[in-house]
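Novice: I have a structure I would like to understand better, so I am pasting it below and will then ask my questions one at a time.
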Amino acid sequence: MMTDSKTTPSAGQTVGPFFNYALLRDGDNDLTSDGKAVGEIIIVEGQVIDGAGGPLRDVLLEIWQANAQGRYNHPADAPANSGDRELDENFRGFGRTLTDGDGCYRFVTIKPGAVPGEGNQWQAPHIAVSIFAAGLTRRLVTRLYFPGEDANDADPALSGVPEEDRMRLVGDVAEGSDNTVRFNIVLQGDGETPFFED
Amino acid sequence: MIDDTETQENREYWEYEPSSQPPYLTPNYKSTVIRSPNKPQYKLPRTLTETTGPLFTQDDLVADEYDLSVNAKGDAAIGSLMVMDGFVTDEDGRPAANTLIELWQANSAGKYHHLMDTRDAPGDPNFIGAGRAVTDSEGHYRFMTIKPGAYPVPNSGNYWRPPHLHLSLFGRSFMSRMITQCYFPGDPLNELDHILHGVPDVDAKERLIMTFDPVVGVHEHALGYRFDIVLRGRRATPMVG
Ligand SMILES: [Fe+2]
């Protein structure tokens with residue numbers, strides 16, 4: 001049964017400019033099941049900027065995250081290693097949206113808890129972000145972390161990013177709103193967002 | 001023994017073979033020049049964040065979503081009917097069951113159902129060009145649609161995209177998420193396409209071209225094309241003794 005024959009995964013191709021009618025439905029950017037999800041409801045918003053410094057419209061952004069207790073809604077996050085982290089029937093953890101004419105996006109979600117890392121390490125609360133757009137030949141991957149978290153210092157993914165760039169993965173508290181986290185994504189050049197290997 | 005039950009998630013995710021994926025900077029595809037990162041990408045440990053992801057089932061679909069030729073709820077769409085049929089597997093060739101596939105495309109005149117597609121080709125009120133399917137336990141999927149037309153890319157020196165279908169797949173985790181395009185065998189525009197030829201490896205490029213296969217078509221009704229997709233991920237070698 002065991003063979004080492006392995007097929008290379010299919011090549012990715014750009015999402016192109018014309019996909020919104022196929023990939024997006026009303027409410028895809030609200031992960032909270034109309035506010036029923038357990039935890040602190042937060043807004044994650046920001047702008048996508050290209051290498052010319054201009055806003056980029058029609059960017060497909062997808063987020064994937066654990067619930068408020070740090071549990072992923074997926075069988076790989078199995079009870080054996082879940083500890084006290086319980087599933088929330090009102091929280092799936094996946095959201096999608098599109099940047100508007102000003103390059104802006106907005107998600108309504110809950111703040112994720114810390115989740116297990118390798119060994120007995122823990123990861124700081126974070127949200128995984130996928131970015132697809134015309135002019136991106138395939139997916140870009142990054143992560144959003146939260147300001148003021150002590151656990152950021154020891155986070156295994158954040159530690160792999162040069163120190164001077166780490167702050168670019170930590171969202172900013174928006175002025176005048178204590179539940180809004182701002183996270184701009186700069187594709188290229190000055191202030192370029194650190195991206196991870198896909 | 002390998003336990004193939006759906007809930008067993010003991011998988012490993014290899015890095016993509018670089019030549020099998022298009023580099024972010026592909027100068028012939030002009031808009032990559034100001035949208036591709038300058039810096040290299042950092043290593044990401046394979047944590048629960050990456051080995052989990054949104055899951056789907058047949059229950060997420062409504063009737064006829066797989067049939068783009070009728071799902072605009074009007075009369076028949078204009079164009080040549082075709083079936084697109086294939087299997088989704090992991091890198092070990094094992095079925096990728098319950099994988100959501102989203103399909104979108106231009107109509108038979110090469111025009112998208114999108115406000116920003118302003119070129120002078122006719123829309124088709126009976127064709128939206130969007131559909132979804134979820135693979136069965138064998139990793140099998142099937143769409144009915146009409147063959148899309150080629151379309152010119154504005155201000156690009158009369159460069160026409162070859163007829164193609166756009167596909168989005170999730171697989172079992174964040175690591176297997178991918179979006180691609182597939183092409184028609186024998187089309188002269190394939191050789192000239194900057195997006196298809198952004199893939200360096202010849203074999204990887206050819207695997208984005210469907211196979212003409214009357215067997216999966218419908219007799220005297222629809223042409224048949226086969227397209228198989230491999231998602232990242234393979235079963236981890238089980239620990240023995
Ligand atoms: Fe297209």
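Scheme for the structure tokens: letters A, B, ... for chains in order shown; per-chain residue numbers from 1; ligand numbers from 1 in order shown.
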With a distance threshold of 6 Å and counting only C-alpha atoms, extract the residues of chain A near chain B and express them as an mmCIF file with C-alpha atoms, in the first residue's frame.

Specialist:
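Saved file out_27.cif follows:
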```cif
data_model
loop_
_atom_site.group_PDB
_atom_site.id
_atom_site.type_symbol
_atom_site.label_atom_id
_atom_site.label_comp_id
_atom_site.auth_asym_id
_atom_site.auth_seq_id
_atom_site.Cartn_x
_atom_site.Cartn_y
_atom_site.Cartn_z
ATOM 1 C CA LYS A 6 3.834 11.770 -5.396
ATOM 2 C CA THR A 7 2.078 14.111 -7.793
ATOM 3 C CA PRO A 9 -0.037 19.966 -6.826
ATOM 4 C CA SER A 10 -1.764 21.793 -9.672
ATOM 5 C CA ALA A 11 -0.429 25.239 -10.518
ATOM 6 C CA GLY A 12 -2.238 28.293 -9.211
ATOM 7 C CA GLN A 13 -3.367 31.102 -11.508
ATOM 8 C CA ALA A 22 -19.221 33.995 -8.211
ATOM 9 C CA ASP A 50 -0.106 48.444 -4.365
ATOM 10 C CA GLY A 51 3.532 49.201 -5.184
ATOM 11 C CA HIS A 74 -12.112 21.447 12.192
ATOM 12 C CA PRO A 75 -11.473 17.775 13.086
ATOM 13 C CA ALA A 76 -7.676 18.270 13.035
ATOM 14 C CA GLY A 117 1.633 25.843 18.553
ATOM 15 C CA GLY A 135 -1.881 40.948 -10.800
ATOM 16 C CA THR A 137 -0.298 35.164 -9.911
ATOM 17 C CA ALA A 157 5.410 32.679 13.238
ATOM 18 C CA LEU A 187 1.712 44.539 -1.472
ATOM 19 C CA GLN A 188 5.049 46.055 -2.464
ATOM 20 C CA PHE A 195 4.133 37.718 3.708
ATOM 21 C CA PHE A 196 4.600 34.044 4.499
ATOM 22 C CA GLU A 197 5.426 31.223 2.111
#
```

Novice: List as a PyMOL selection string the protein and nucleic acid residues lying within 10 Å of ligand 1, with only C-alpha atoms and all ligand atoms counted.

Specialist: (chain A and resi 14-19+134) or (chain B and resi 104-106+110-112+148-151+153+161-166+181-182)

Novice: So that I have them on file, write out the residues from the current selection with N, CA and C atoms, as a PDB file, in the first residue's frame.

Specialist:
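Written out: out14.pdb:
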```
ATOM      1  N   THR A  14      -3.930  33.449 -11.404  1.00  0.00           N
ATOM      2  CA  THR A  14      -4.566  34.620 -10.798  1.00  0.00           C
ATOM      3  C   THR A  14      -6.093  34.493 -10.744  1.00  0.00           C
ATOM      4  N   VAL A  15      -6.682  35.098  -9.724  1.00  0.00           N
ATOM      5  CA  VAL A  15      -8.142  35.133  -9.606  1.00  0.00           C
ATOM      6  C   VAL A  15      -8.742  36.063 -10.666  1.00  0.00           C
ATOM      7  N   GLY A  16      -7.905  36.977 -11.223  1.00  0.00           N
ATOM      8  CA  GLY A  16      -8.396  37.907 -12.239  1.00  0.00           C
ATOM      9  C   GLY A  16      -9.264  38.999 -11.631  1.00  0.00           C
ATOM     10  N   PRO A  17      -9.794  39.891 -12.476  1.00  0.00           N
ATOM     11  CA  PRO A  17     -10.568  41.017 -11.944  1.00  0.00           C
ATOM     12  C   PRO A  17     -12.067  40.740 -11.770  1.00  0.00           C
ATOM     13  N   PHE A  18     -12.605  39.723 -12.442  1.00  0.00           N
ATOM     14  CA  PHE A  18     -14.068  39.589 -12.547  1.00  0.00           C
ATOM     15  C   PHE A  18     -14.583  38.340 -11.845  1.00  0.00           C
ATOM     16  N   PHE A  19     -14.644  38.353 -10.530  1.00  0.00           N
ATOM     17  CA  PHE A  19     -15.051  37.136  -9.817  1.00  0.00           C
ATOM     18  C   PHE A  19     -16.117  37.375  -8.771  1.00  0.00           C
ATOM     19  N   ALA A 134      -6.234  40.318  -9.178  1.00  0.00           N
ATOM     20  CA  ALA A 134      -5.628  40.454 -10.498  1.00  0.00           C
ATOM     21  C   ALA A 134      -4.221  41.008 -10.280  1.00  0.00           C
TER      22      ALA A 134
ATOM     23  N   TRP B 104     -16.135  29.997 -12.317  1.00  0.00           N
ATOM     24  CA  TRP B 104     -16.701  31.175 -12.976  1.00  0.00           C
ATOM     25  C   TRP B 104     -15.996  31.392 -14.297  1.00  0.00           C
ATOM     26  N   GLN B 105     -16.666  32.123 -15.198  1.00  0.00           N
ATOM     27  CA  GLN B 105     -16.166  32.210 -16.569  1.00  0.00           C
ATOM     28  C   GLN B 105     -16.900  33.293 -17.338  1.00  0.00           C
ATOM     29  N   ALA B 106     -16.336  33.634 -18.507  1.00  0.00           N
ATOM     30  CA  ALA B 106     -16.999  34.530 -19.445  1.00  0.00           C
ATOM     31  C   ALA B 106     -18.085  33.760 -20.200  1.00  0.00           C
ATOM     32  N   GLY B 110     -17.170  35.803 -24.729  1.00  0.00           N
ATOM     33  CA  GLY B 110     -15.977  36.260 -24.009  1.00  0.00           C
ATOM     34  C   GLY B 110     -16.252  37.454 -23.114  1.00  0.00           C
ATOM     35  N   LYS B 111     -17.494  37.590 -22.639  1.00  0.00           N
ATOM     36  CA  LYS B 111     -17.848  38.719 -21.771  1.00  0.00           C
ATOM     37  C   LYS B 111     -18.279  38.200 -20.400  1.00  0.00           C
ATOM     38  N   TYR B 112     -17.784  38.868 -19.345  1.00  0.00           N
ATOM     39  CA  TYR B 112     -18.140  38.484 -17.982  1.00  0.00           C
ATOM     40  C   TYR B 112     -19.375  39.221 -17.505  1.00  0.00           C
ATOM     41  N   PRO B 148     -16.660  29.083 -22.911  1.00  0.00           N
ATOM     42  CA  PRO B 148     -16.441  30.535 -22.910  1.00  0.00           C
ATOM     43  C   PRO B 148     -15.693  30.986 -24.148  1.00  0.00           C
ATOM     44  N   GLY B 149     -15.909  32.254 -24.535  1.00  0.00           N
ATOM     45  CA  GLY B 149     -15.163  32.835 -25.644  1.00  0.00           C
ATOM     46  C   GLY B 149     -13.843  33.422 -25.174  1.00  0.00           C
ATOM     47  N   ALA B 150     -12.941  33.643 -26.126  1.00  0.00           N
ATOM     48  CA  ALA B 150     -11.715  34.386 -25.840  1.00  0.00           C
ATOM     49  C   ALA B 150     -12.069  35.856 -25.654  1.00  0.00           C
ATOM     50  N   TYR B 151     -11.200  36.597 -24.972  1.00  0.00           N
ATOM     51  CA  TYR B 151     -11.434  38.048 -24.871  1.00  0.00           C
ATOM     52  C   TYR B 151     -10.119  38.801 -24.894  1.00  0.00           C
ATOM     53  N   VAL B 153      -7.416  41.668 -23.850  1.00  0.00           N
ATOM     54  CA  VAL B 153      -7.050  42.428 -22.660  1.00  0.00           C
ATOM     55  C   VAL B 153      -6.808  43.872 -23.099  1.00  0.00           C
ATOM     56  N   ARG B 161      -6.893  36.733 -24.127  1.00  0.00           N
ATOM     57  CA  ARG B 161      -6.859  35.550 -23.256  1.00  0.00           C
ATOM     58  C   ARG B 161      -7.517  34.382 -23.979  1.00  0.00           C
ATOM     59  N   PRO B 162      -6.896  33.216 -23.930  1.00  0.00           N
ATOM     60  CA  PRO B 162      -7.548  32.042 -24.524  1.00  0.00           C
ATOM     61  C   PRO B 162      -8.811  31.696 -23.726  1.00  0.00           C
ATOM     62  N   PRO B 163      -9.753  30.988 -24.343  1.00  0.00           N
ATOM     63  CA  PRO B 163     -10.915  30.535 -23.573  1.00  0.00           C
ATOM     64  C   PRO B 163     -10.439  29.779 -22.331  1.00  0.00           C
ATOM     65  N   HIS B 164     -11.026  30.106 -21.183  1.00  0.00           N
ATOM     66  CA  HIS B 164     -10.583  29.471 -19.935  1.00  0.00           C
ATOM     67  C   HIS B 164     -11.711  29.514 -18.912  1.00  0.00           C
ATOM     68  N   LEU B 165     -11.601  28.634 -17.927  1.00  0.00           N
ATOM     69  CA  LEU B 165     -12.526  28.602 -16.798  1.00  0.00           C
ATOM     70  C   LEU B 165     -11.720  28.906 -15.542  1.00  0.00           C
ATOM     71  N   HIS B 166     -12.302  29.696 -14.640  1.00  0.00           N
ATOM     72  CA  HIS B 166     -11.653  29.993 -13.355  1.00  0.00           C
ATOM     73  C   HIS B 166     -12.180  29.028 -12.298  1.00  0.00           C
ATOM     74  N   GLN B 181      -6.868  28.404 -13.121  1.00  0.00           N
ATOM     75  CA  GLN B 181      -7.633  28.519 -14.362  1.00  0.00           C
ATOM     76  C   GLN B 181      -7.330  27.279 -15.195  1.00  0.00           C
ATOM     77  N   CYS B 182      -8.290  26.875 -16.015  1.00  0.00           N
ATOM     78  CA  CYS B 182      -7.983  25.756 -16.924  1.00  0.00           C
ATOM     79  C   CYS B 182      -8.372  26.133 -18.343  1.00  0.00           C
TER      80      CYS B 182
END
```

Novice: For Val218 (chain B), which residue out of B:Glu138, B:Asp193, B:Asp85, B:Asp60 is the nearest one, using only C-alpha atoms?

Specialist: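 Nearest to Val218 (chain B): B:Asp85.
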
Novice: Calculate how many Å separate CA of Ser159 (chain A) from CA of Leu87 (chain A), rounding to one decimal.

Specialist: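 Calculated distance between CA of Ser159 (chain A) and CA of Leu87 (chain A) is 28.3 Å.
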
Novice: Enter the distance from CA of Arg138 (chain A) to CA of Tyr225 (chain B), in Å, rounded to one decimal.

Specialist: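 Calculated distance between CA of Arg138 (chain A) and CA of Tyr225 (chain B) is 24.4 Å.
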
Novice: For Asn90 (chain A), which residue out of A:Cys104, A:Leu60, A:Ala174, A:Ala68 is the nearest one, using only C-alpha atoms?

Specialist: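 Of A:Cys104, A:Leu60, A:Ala174, A:Ala68, the one nearest Asn90 (chain A), counting only C-alpha atoms, is A:Ala68.
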
Novice: Quick one: residues within 8 Å of Arg71 (chain A), only C-alpha atoms counted, chain neighbours fewer than 6 positions away excluded, as number ranges by chain?

Specialist: A: 77, 82, 85-87, 113, 115

Novice: For CA of Val70 (chain B) and CA of Asp213 (chain B), quote the distance in Å rounded to one decimal.

Specialist: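 Interatomic distance here is 22.4 Å.
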
Novice: Please identify the alpha helix (DSSP H) residues within region 84-195 of chain A (assignment by DSSP from backbone atoms) and present them as number ranges by chain.

Specialist: A: 156-159, 163-166

Novice: Mind the document's chain letters and residue numbers, and return as a PyMOL selection string the residues of region 29-168 of chain A that DSSP labels strand (DSSP E or B).

Specialist: chain A and resi 30+41-49+55+60-64+94-98+104-110+115-116+122-123+126-132+140-145

Novice: Could the residues in this selection be written to a file with N, CA and C atoms, as a short mmCIF file (atom, residue, chain, number, x, y, z; two decimals), in the first residue's frame?

Specialist:
```cif
data_model
loop_
_atom_site.label_atom_id
_atom_site.label_comp_id
_atom_site.auth_asym_id
_atom_site.auth_seq_id
_atom_site.Cartn_x
_atom_site.Cartn_y
_atom_site.Cartn_z
N ASP A 30 -19.18 38.78 7.75
CA ASP A 30 -19.59 38.77 9.16
C ASP A 30 -19.49 37.33 9.67
N ILE A 41 -16.79 40.93 20.21
CA ILE A 41 -16.99 41.24 18.79
C ILE A 41 -16.05 42.39 18.40
N ILE A 42 -15.35 42.18 17.30
CA ILE A 42 -14.41 43.20 16.82
C ILE A 42 -14.64 43.46 15.33
N ILE A 43 -14.21 44.64 14.92
CA ILE A 43 -14.17 44.98 13.50
C ILE A 43 -12.71 44.92 13.07
N VAL A 44 -12.46 44.23 11.98
CA VAL A 44 -11.12 44.25 11.40
C VAL A 44 -11.26 44.96 10.06
N GLU A 45 -10.56 46.07 9.90
CA GLU A 45 -10.70 46.81 8.65
C GLU A 45 -9.37 47.41 8.23
N GLY A 46 -9.29 47.78 6.98
CA GLY A 46 -8.05 48.37 6.48
C GLY A 46 -8.13 48.59 4.99
N GLN A 47 -6.96 48.81 4.42
CA GLN A 47 -6.87 49.18 3.01
C GLN A 47 -5.76 48.34 2.38
N VAL A 48 -5.94 47.97 1.13
CA VAL A 48 -4.90 47.27 0.38
C VAL A 48 -4.26 48.26 -0.59
N ILE A 49 -2.93 48.33 -0.53
CA ILE A 49 -2.16 49.34 -1.28
C ILE A 49 -1.19 48.60 -2.21
N PRO A 55 -4.56 52.73 -3.77
CA PRO A 55 -5.46 51.69 -3.26
C PRO A 55 -5.80 50.69 -4.35
N LEU A 60 -9.70 40.02 -3.32
CA LEU A 60 -10.42 39.03 -2.52
C LEU A 60 -9.60 38.72 -1.28
N LEU A 61 -10.18 39.00 -0.11
CA LEU A 61 -9.53 38.70 1.16
C LEU A 61 -10.32 37.61 1.87
N GLU A 62 -9.61 36.60 2.35
CA GLU A 62 -10.25 35.55 3.14
C GLU A 62 -9.54 35.45 4.48
N ILE A 63 -10.33 35.28 5.55
CA ILE A 63 -9.72 35.09 6.86
C ILE A 63 -10.16 33.76 7.46
N TRP A 64 -9.27 33.20 8.26
CA TRP A 64 -9.52 31.91 8.93
C TRP A 64 -8.96 32.04 10.35
N PHE A 94 -14.52 31.31 9.28
CA PHE A 94 -14.10 31.65 7.91
C PHE A 94 -14.89 32.84 7.42
N GLY A 95 -14.20 33.81 6.80
CA GLY A 95 -14.88 34.97 6.23
C GLY A 95 -14.22 35.40 4.94
N ARG A 96 -14.98 36.11 4.15
CA ARG A 96 -14.52 36.57 2.84
C ARG A 96 -15.03 37.97 2.60
N THR A 97 -14.23 38.78 1.93
CA THR A 97 -14.75 40.04 1.44
C THR A 97 -13.91 40.54 0.28
N LEU A 98 -14.32 41.70 -0.22
CA LEU A 98 -13.71 42.28 -1.42
C LEU A 98 -13.36 43.72 -1.09
N CYS A 104 -10.63 49.56 0.34
CA CYS A 104 -10.92 49.28 1.75
C CYS A 104 -11.73 48.00 1.93
N TYR A 105 -11.52 47.35 3.08
CA TYR A 105 -12.27 46.13 3.41
C TYR A 105 -12.68 46.21 4.87
N ARG A 106 -13.60 45.32 5.27
CA ARG A 106 -14.10 45.31 6.64
C ARG A 106 -14.66 43.94 6.97
N PHE A 107 -14.23 43.38 8.10
CA PHE A 107 -14.80 42.14 8.63
C PHE A 107 -15.40 42.42 10.00
N VAL A 108 -16.48 41.72 10.32
CA VAL A 108 -17.00 41.69 11.69
C VAL A 108 -16.74 40.28 12.22
N THR A 109 -16.00 40.18 13.31
CA THR A 109 -15.67 38.85 13.81
C THR A 109 -15.54 38.91 15.33
N ILE A 110 -14.99 37.87 15.92
CA ILE A 110 -14.71 37.91 17.35
C ILE A 110 -13.20 37.76 17.52
N VAL A 115 -3.94 29.87 20.52
CA VAL A 115 -4.10 28.49 20.05
C VAL A 115 -2.77 27.74 20.20
N PRO A 116 -2.85 26.41 20.32
CA PRO A 116 -1.61 25.65 20.49
C PRO A 116 -0.67 25.82 19.30
N TRP A 122 2.46 27.97 22.84
CA TRP A 122 1.19 28.56 22.43
C TRP A 122 1.45 29.65 21.42
N GLN A 123 0.50 29.85 20.53
CA GLN A 123 0.60 30.96 19.59
C GLN A 123 -0.24 32.12 20.11
N HIS A 126 -4.32 35.28 16.69
CA HIS A 126 -4.01 35.78 15.35
C HIS A 126 -5.09 35.32 14.38
N ILE A 127 -5.10 35.95 13.22
CA ILE A 127 -6.03 35.61 12.14
C ILE A 127 -5.20 35.36 10.89
N ALA A 128 -5.42 34.23 10.23
CA ALA A 128 -4.72 33.93 8.98
C ALA A 128 -5.45 34.64 7.83
N VAL A 129 -4.67 35.23 6.93
CA VAL A 129 -5.24 36.03 5.84
C VAL A 129 -4.73 35.52 4.50
N SER A 130 -5.66 35.26 3.57
CA SER A 130 -5.32 34.92 2.19
C SER A 130 -5.69 36.10 1.30
N ILE A 131 -4.81 36.42 0.36
CA ILE A 131 -5.03 37.57 -0.52
C ILE A 131 -4.95 37.09 -1.97
N PHE A 132 -6.02 37.36 -2.72
CA PHE A 132 -6.05 37.02 -4.14
C PHE A 132 -6.44 38.29 -4.91
N LEU A 140 -1.30 35.25 -1.82
CA LEU A 140 -0.37 35.73 -0.81
C LEU A 140 -0.96 35.40 0.55
N VAL A 141 -0.07 35.05 1.49
CA VAL A 141 -0.50 34.64 2.83
C VAL A 141 0.13 35.56 3.86
N THR A 142 -0.67 36.04 4.80
CA THR A 142 -0.10 36.78 5.93
C THR A 142 -0.93 36.47 7.17
N ARG A 143 -0.55 37.10 8.28
CA ARG A 143 -1.28 36.93 9.53
C ARG A 143 -1.47 38.28 10.19
N LEU A 144 -2.61 38.43 10.86
CA LEU A 144 -2.90 39.62 11.66
C LEU A 144 -2.79 39.25 13.14
N TYR A 145 -1.97 40.01 13.86
CA TYR A 145 -1.86 39.86 15.33
C TYR A 145 -2.50 41.08 16.00
#
```
